[in-house]
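Source file: coords.cif. Holds: mmCIF, C-alpha atoms.
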```cif
data_structure
#
loop_
_atom_site.label_atom_id
_atom_site.label_comp_id
_atom_site.auth_asym_id
_atom_site.auth_seq_id
_atom_site.Cartn_x
_atom_site.Cartn_y
_atom_site.Cartn_z
CA MET C 1 -71.06 -69.53 16.40
CA ALA C 2 -68.98 -71.16 13.65
CA GLN C 3 -67.86 -67.75 12.41
CA GLU C 4 -66.84 -66.76 15.95
CA ILE C 5 -64.79 -69.94 16.38
CA LYS C 6 -63.17 -69.32 12.98
CA ASN C 7 -62.17 -65.76 13.92
CA LYS C 8 -60.83 -66.69 17.35
CA PRO C 9 -57.38 -67.93 16.13
CA GLU C 10 -56.97 -64.70 14.18
CA GLN C 11 -57.85 -62.64 17.25
CA LEU C 12 -55.41 -64.61 19.38
CA ALA C 13 -52.70 -64.08 16.77
CA GLU C 14 -53.34 -60.33 16.84
CA VAL C 15 -53.15 -60.29 20.64
CA ASP C 16 -49.90 -62.26 20.60
CA LYS C 17 -48.50 -59.84 18.03
CA GLU C 18 -49.40 -56.83 20.16
CA ASN C 19 -47.96 -58.44 23.30
CA LYS C 20 -44.76 -59.25 21.47
CA LYS C 21 -44.54 -55.70 20.14
CA ASP C 22 -44.99 -54.27 23.64
CA ALA C 23 -42.39 -56.64 25.06
CA MET C 24 -39.82 -55.59 22.46
CA ILE C 25 -40.40 -51.83 22.63
CA LEU C 26 -37.65 -51.36 25.23
CA PHE C 27 -35.09 -53.24 23.18
CA LEU C 28 -35.67 -53.62 19.44
CA SER C 29 -38.09 -52.44 16.80
CA ASP C 30 -39.86 -54.92 14.53
CA SER C 31 -37.20 -54.58 11.83
CA GLU C 32 -34.36 -54.78 14.33
CA GLU C 33 -35.86 -57.90 15.90
CA LYS C 34 -35.17 -59.80 12.67
CA GLU C 35 -31.59 -58.53 12.58
CA HIS C 36 -28.73 -60.16 14.44
CA PHE C 37 -27.29 -58.16 17.34
CA LEU C 38 -23.88 -58.09 15.65
CA SER C 39 -25.02 -57.91 12.05
CA ARG C 40 -22.92 -56.08 9.49
CA ALA C 41 -25.14 -52.99 9.71
CA ASN C 42 -24.86 -52.91 13.50
CA ARG C 43 -21.10 -53.36 13.38
CA ARG C 44 -20.84 -50.44 10.97
CA LEU C 45 -22.58 -48.23 13.52
CA LEU C 46 -19.60 -48.90 15.79
CA THR C 47 -16.76 -48.90 13.26
CA ASP C 48 -17.64 -46.19 10.71
CA PRO C 49 -17.25 -43.29 13.19
CA LEU C 50 -13.73 -44.52 13.93
CA ASP C 51 -12.62 -43.85 10.36
CA ASP C 52 -14.82 -43.05 7.34
CA ASP C 53 -17.43 -41.07 9.30
CA ASN C 54 -15.39 -39.73 12.20
CA PRO C 55 -17.22 -36.89 14.00
CA ILE C 56 -14.13 -34.67 14.21
CA THR C 57 -12.06 -35.39 11.10
CA VAL C 58 -14.92 -36.01 8.64
CA GLN C 59 -18.03 -34.33 10.08
CA VAL C 60 -15.89 -31.54 11.62
CA LEU C 61 -17.83 -31.48 14.91
CA GLY C 62 -16.60 -31.12 18.49
CA ILE C 63 -13.42 -29.28 17.51
CA CYS C 64 -13.48 -26.90 20.51
CA SER C 65 -12.96 -29.59 23.14
CA ALA C 66 -10.23 -31.14 20.99
CA LEU C 67 -8.35 -27.84 21.29
CA ALA C 68 -8.98 -27.20 24.96
CA ILE C 69 -8.63 -30.45 26.90
CA THR C 70 -5.89 -32.32 25.05
CA VAL C 71 -2.85 -30.85 26.80
CA GLN C 72 -2.67 -34.02 28.90
CA LEU C 73 -3.71 -37.57 28.13
CA GLU C 74 -5.62 -38.30 31.36
CA PRO C 75 -8.30 -35.58 31.06
CA ALA C 76 -8.72 -36.42 27.37
CA ILE C 77 -9.50 -40.05 28.21
CA VAL C 78 -11.88 -39.05 31.00
CA MET C 79 -13.64 -36.61 28.67
CA ALA C 80 -13.98 -39.34 26.03
CA ILE C 81 -15.55 -41.71 28.57
CA ALA C 82 -17.89 -38.99 29.83
CA VAL C 83 -19.09 -38.16 26.30
CA MET C 84 -19.56 -41.87 25.58
CA ALA C 85 -21.77 -42.32 28.65
CA VAL C 86 -23.84 -39.24 27.81
CA MET C 87 -24.25 -40.12 24.14
CA ALA C 88 -25.12 -43.77 24.71
CA PHE C 89 -27.81 -43.14 27.31
CA SER C 90 -29.22 -39.97 25.75
CA ASN C 91 -29.59 -41.80 22.42
CA MET C 92 -31.40 -44.63 24.16
CA ILE C 93 -33.75 -42.33 26.08
CA ILE C 94 -34.64 -40.17 23.08
CA SER C 95 -35.15 -43.27 20.93
CA ALA C 96 -37.49 -44.76 23.55
CA LEU C 97 -39.49 -41.51 23.69
CA ARG C 98 -39.35 -40.65 19.99
CA ASN C 99 -43.01 -41.48 19.34
CA LEU C 100 -44.14 -39.49 22.37
CA ILE C 101 -42.16 -36.26 21.86
CA PRO C 102 -44.09 -33.49 20.05
CA ASN C 103 -42.06 -32.23 17.13
CA ARG C 104 -42.27 -28.60 18.29
CA ILE C 105 -40.46 -29.27 21.58
CA ARG C 106 -38.09 -32.06 20.55
CA ILE C 107 -34.97 -29.87 20.90
CA ILE C 108 -36.03 -28.82 24.41
CA VAL C 109 -36.61 -32.43 25.42
CA GLN C 110 -33.21 -33.42 24.01
CA LEU C 111 -31.50 -30.63 25.95
CA VAL C 112 -33.23 -31.66 29.18
CA VAL C 113 -32.17 -35.30 28.75
CA VAL C 114 -28.56 -34.43 27.89
CA ALA C 115 -28.30 -31.83 30.67
CA SER C 116 -29.57 -34.34 33.24
CA LEU C 117 -27.02 -36.95 32.15
CA VAL C 118 -24.20 -34.37 32.09
CA ALA C 119 -25.07 -33.28 35.64
CA LEU C 120 -24.97 -36.92 36.73
CA VAL C 121 -21.59 -37.50 35.04
CA ASP C 122 -20.22 -34.30 36.61
CA GLN C 123 -21.23 -35.43 40.10
CA VAL C 124 -19.65 -38.87 39.56
CA LEU C 125 -16.38 -37.22 38.48
CA ARG C 126 -16.44 -34.90 41.47
CA ALA C 127 -16.90 -37.89 43.76
CA TYR C 128 -14.36 -40.30 42.24
CA ALA C 129 -11.93 -38.19 40.15
CA TYR C 130 -11.96 -34.74 41.69
CA ASP C 131 -8.56 -33.63 40.35
CA VAL C 132 -9.50 -34.53 36.79
CA SER C 133 -12.89 -32.90 37.31
CA LYS C 134 -11.13 -29.64 38.21
CA GLN C 135 -8.90 -29.93 35.13
CA LEU C 136 -11.88 -30.39 32.84
CA SER C 137 -13.66 -27.53 34.61
CA VAL C 138 -16.50 -26.11 32.50
CA PHE C 139 -15.85 -28.47 29.58
CA ILE C 140 -17.90 -31.26 31.17
CA GLY C 141 -20.85 -28.89 31.32
CA LEU C 142 -20.29 -27.92 27.70
CA ILE C 143 -21.07 -31.50 26.64
CA ILE C 144 -24.66 -30.26 26.72
CA THR C 145 -23.97 -28.08 23.68
CA ASN C 146 -21.62 -30.52 21.94
CA CYS C 147 -22.62 -30.67 18.28
CA ILE C 148 -21.92 -34.40 18.12
CA VAL C 149 -24.35 -35.25 20.94
CA MET C 150 -27.22 -33.11 19.66
CA GLY C 151 -26.51 -34.06 16.06
CA ARG C 152 -26.83 -37.81 16.68
CA LEU C 153 -30.02 -37.33 18.68
CA GLU C 154 -31.57 -35.34 15.84
CA ALA C 155 -30.20 -37.37 12.93
CA PHE C 156 -30.35 -40.91 14.32
CA ALA C 157 -32.06 -41.49 17.67
CA LEU C 158 -35.33 -39.85 16.58
CA GLY C 159 -35.67 -42.29 13.69
CA ASN C 160 -34.24 -45.57 14.95
CA GLY C 161 -34.77 -48.18 17.65
CA ILE C 162 -33.13 -48.20 21.05
CA TYR C 163 -30.46 -50.81 20.37
CA LYS C 164 -29.27 -49.17 17.14
CA SER C 165 -29.32 -45.77 18.82
CA PHE C 166 -27.20 -47.15 21.65
CA LEU C 167 -24.63 -48.51 19.17
CA ASP C 168 -24.64 -45.21 17.26
CA GLY C 169 -23.96 -43.29 20.47
CA ILE C 170 -21.12 -45.62 21.47
CA GLY C 171 -19.59 -45.55 17.98
CA ASN C 172 -19.63 -41.77 17.53
CA ALA C 173 -18.36 -41.17 21.06
CA ALA C 174 -15.55 -43.67 20.42
CA GLY C 175 -14.61 -41.88 17.19
CA TYR C 176 -14.61 -38.55 19.01
CA GLY C 177 -12.59 -39.97 21.91
CA LEU C 178 -10.06 -41.60 19.58
CA ILE C 179 -9.09 -38.23 18.10
CA LEU C 180 -8.91 -36.64 21.55
CA ILE C 181 -6.57 -39.38 22.77
CA ILE C 182 -4.31 -39.21 19.70
CA VAL C 183 -4.01 -35.41 19.93
CA ALA C 184 -3.41 -35.52 23.70
CA PHE C 185 -0.79 -38.25 23.30
CA PHE C 186 1.39 -36.18 20.98
CA ARG C 187 0.81 -32.88 22.80
CA GLU C 188 1.78 -34.21 26.21
CA LEU C 189 4.64 -36.35 24.90
CA LEU C 190 6.27 -33.68 22.73
CA GLY C 191 5.26 -30.71 24.85
CA ALA C 192 6.14 -32.01 28.30
CA GLY C 193 8.01 -35.27 27.70
CA LYS C 194 5.42 -37.10 29.80
CA LEU C 195 2.45 -39.43 29.54
CA PHE C 196 -0.12 -39.57 32.33
CA GLY C 197 2.25 -37.29 34.23
CA TYR C 198 5.14 -39.78 34.13
CA GLU C 199 8.45 -38.86 32.50
CA VAL C 200 8.96 -41.12 29.48
CA LEU C 201 11.69 -39.27 27.58
CA GLY C 202 13.95 -39.03 30.59
CA HIS C 203 14.54 -36.48 33.34
CA LYS C 204 15.46 -32.94 32.43
CA GLY C 205 18.00 -31.56 34.85
CA VAL C 206 19.51 -28.11 35.17
CA THR C 207 22.48 -29.20 33.06
CA LEU C 208 23.04 -31.93 30.48
CA ALA C 209 25.09 -33.86 33.01
CA GLU C 210 22.13 -33.99 35.38
CA SER C 211 19.71 -34.97 32.64
CA THR C 212 18.80 -38.48 31.52
CA GLY C 213 17.28 -40.07 28.43
CA LEU C 214 16.81 -37.84 25.39
CA TYR C 215 17.42 -34.73 27.50
CA ALA C 216 21.00 -35.89 28.06
CA LEU C 217 21.43 -35.70 24.27
CA GLY C 218 20.26 -32.11 24.19
CA TYR C 219 16.57 -32.69 23.45
CA GLU C 220 14.22 -29.83 24.41
CA ASN C 221 10.47 -29.99 24.90
CA ASN C 222 8.41 -28.22 22.27
CA GLY C 223 6.47 -25.66 24.30
CA LEU C 224 4.31 -24.82 21.28
CA MET C 225 2.62 -28.22 21.64
CA LEU C 226 1.03 -27.04 24.87
CA LEU C 227 -0.73 -24.15 23.10
CA SER C 228 -4.22 -24.55 21.66
CA PRO C 229 -3.26 -23.75 18.03
CA MET C 230 -1.00 -26.82 17.99
CA ALA C 231 -4.00 -29.00 18.78
CA LEU C 232 -5.64 -27.69 15.62
CA ILE C 233 -2.46 -28.40 13.65
CA VAL C 234 -2.32 -31.97 15.00
CA VAL C 235 -5.97 -32.49 14.05
CA GLY C 236 -5.14 -31.13 10.59
CA ILE C 237 -2.29 -33.63 10.24
CA ILE C 238 -4.62 -36.46 11.25
CA ILE C 239 -7.13 -35.31 8.62
CA TRP C 240 -4.38 -35.18 6.00
CA VAL C 241 -3.16 -38.70 6.83
CA GLN C 242 -6.72 -40.03 6.84
CA ARG C 243 -7.50 -38.60 3.41
CA ALA C 244 -4.16 -39.70 1.99
CA ARG C 245 -5.03 -43.24 3.06
CA ASN C 246 -8.69 -43.07 2.08
CA ARG C 247 -9.03 -41.07 -1.12
CA LYS C 248 -12.84 -41.25 -1.22
CA LEU C 249 -12.98 -38.74 1.66
CA ILE C 250 -11.40 -36.05 -0.52
CA GLU C 251 -14.04 -33.61 -1.68
CA ALA C 252 -14.24 -32.85 -5.39
#
```
Structure re-expressed in structure tokens:
Amino acid sequence: MAQEIKNKPEQLAEVDKENKKDAMILFLSDSEEKEHFLSRANRRLLTDPLDDDNPITVQVLGICSALAITVQLEPAIVMAIAVMAVMAFSNMIISALRNLIPNRIRIIVQLVVVASLVALVDQVLRAYAYDVSKQLSVFIGLIITNCIVMGRLEAFALGNGIYKSFLDGIGNAAGYGLILIIVAFFRELLGAGKLFGYEVLGHKGVTLAESTGLYALGYENNGLMLLSPMALIVVGIIIWVQRARNRKLIEA
């Protein structure tokens, strides 16, 4: 009897530990529970992909969409938001299921999760932003095969807790979206003289007398900026500026 009474506190402690573990499984792992929500490591998950570990300029992933959908700023922003939603929630779902997914079918499970989220995002765009949805066309569907999305699921979500995986998804999607927005800004501005469809360099008339702004001074839009190769050149310039500013990114 004395031995049973002695062991009872230990048994209760074990039960409390298990209950606490079960309660935290949807939010943080044991190691993450001890870490502040906005700790330095967690902040780096959000900030590193914006610069030192950018998916496009450093990891060289997701280049195709950067070439295809950056003619105008609006679809680039919508694409960035769509990828962010897909990456954040797919990372969370795969992280939550990581201990239940057999290793042999993990890629299939990842594809099913991402495809389901992409279909949901596509339907939301069709309902609330139909014109932009038509502009993006098949590129929303191609998020399923985006190297950034699948890469973060495989490299991060399968080995980390839900909260960290969520931050990683948001951070990498933000880094991807940042490059899309920068490229689209220069392509639409220099190629069409517009931003979000609004004339910002002036109105180009048939003659100089009918023109306003820079067009009245003889400025002409650079039609090459609207071609896909110029998107690659703009990305190359961004990479050059980034490495000139941060020399540690230059490969030996």
Interatomic distance between CA of Lys248 (chain C) and CA of Gln59 (chain C)?
14.2 Å
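Note on the selection: in this file the PyMOL selection byres ((chain C and resi 118-134) around 9) comes out as Glu74, Pro75, Val78, Ala82, Val83, Ala85, Val86, Val113, Val114, Ala115, Ser116, Leu117, Gln135, Leu136, Ser137, Val138, Ile140, Gly141, Leu142, Ile143 and Ile144 of chain C.
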Quick check on the file I pasted: which residues fall under the PyMOL selection byres ((chain C and resi 57) around 9)? Write them as number ranges by chain.
C: 51-56, 58-61, 63, 176, 179, 235-236, 238-239, 242
Check which residues satisfy the PyMOL selection byres ((chain C and resi 69-72) around 8) in the file shown, then give them as JSON, numbers by chain.
{"C": [65, 66, 67, 68, 73, 74, 75, 76, 136, 139, 180, 181, 183, 184, 185, 187, 188, 195, 196, 197, 225, 226, 227, 231]}
Determine the nearest neighbour of Lys204 (chain C) from the options C:Gly218, C:Gly169, C:Gly151, C:Gly191, counting all atoms listed in the file.
C:Gly218
Excluding Gly202 (chain C) and any residue of its chain fewer than 4 positions from it, enumerate the residues within 9 Å of it, using all atoms listed in the file, and give them as a list in words.
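The contact residues come out as Gly193, Lys194, Ser211, Thr212, Gly213, Leu214, Tyr215 and Ala216 of chain C.
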All residues 7 Å or closer to region 98-108 of chain C, all atoms listed in the file, same chain fewer than 4 positions away omitted, as a ChimeraX atom specification:
/C:94,112,158
Could the centre and edge lengths of an axis-aligned box, enclosing all atoms of region 128-139 of chain C in the file with 5 Å extra on each side, be given in Å to one decimal as AutoDock Vina command-line options?
```
--center_x -12.5 --center_y -33.2 --center_z 35.9 --size_x 17.9 --size_y 24.2 --size_z 22.7
```
Give me, please, the distance in Å between CA of Phe166 (chain C) and CA of Asn246 (chain C), quoted to one decimal.
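Interatomic distance, CA of Phe166 (chain C) to CA of Asn246 (chain C): 27.2 Å.
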Just how far from CA of Ile170 (chain C) is CA of Ala88 (chain C), in Å to one decimal?
5.5 Å
Can you pull out the residues contacting Ala173 (chain C)? Cut-off 8 Å, using only C-alpha atoms, and skip same-chain residues under 5 positions away; I want them as a PyMOL selection string.
chain C and resi 80+83-84+87
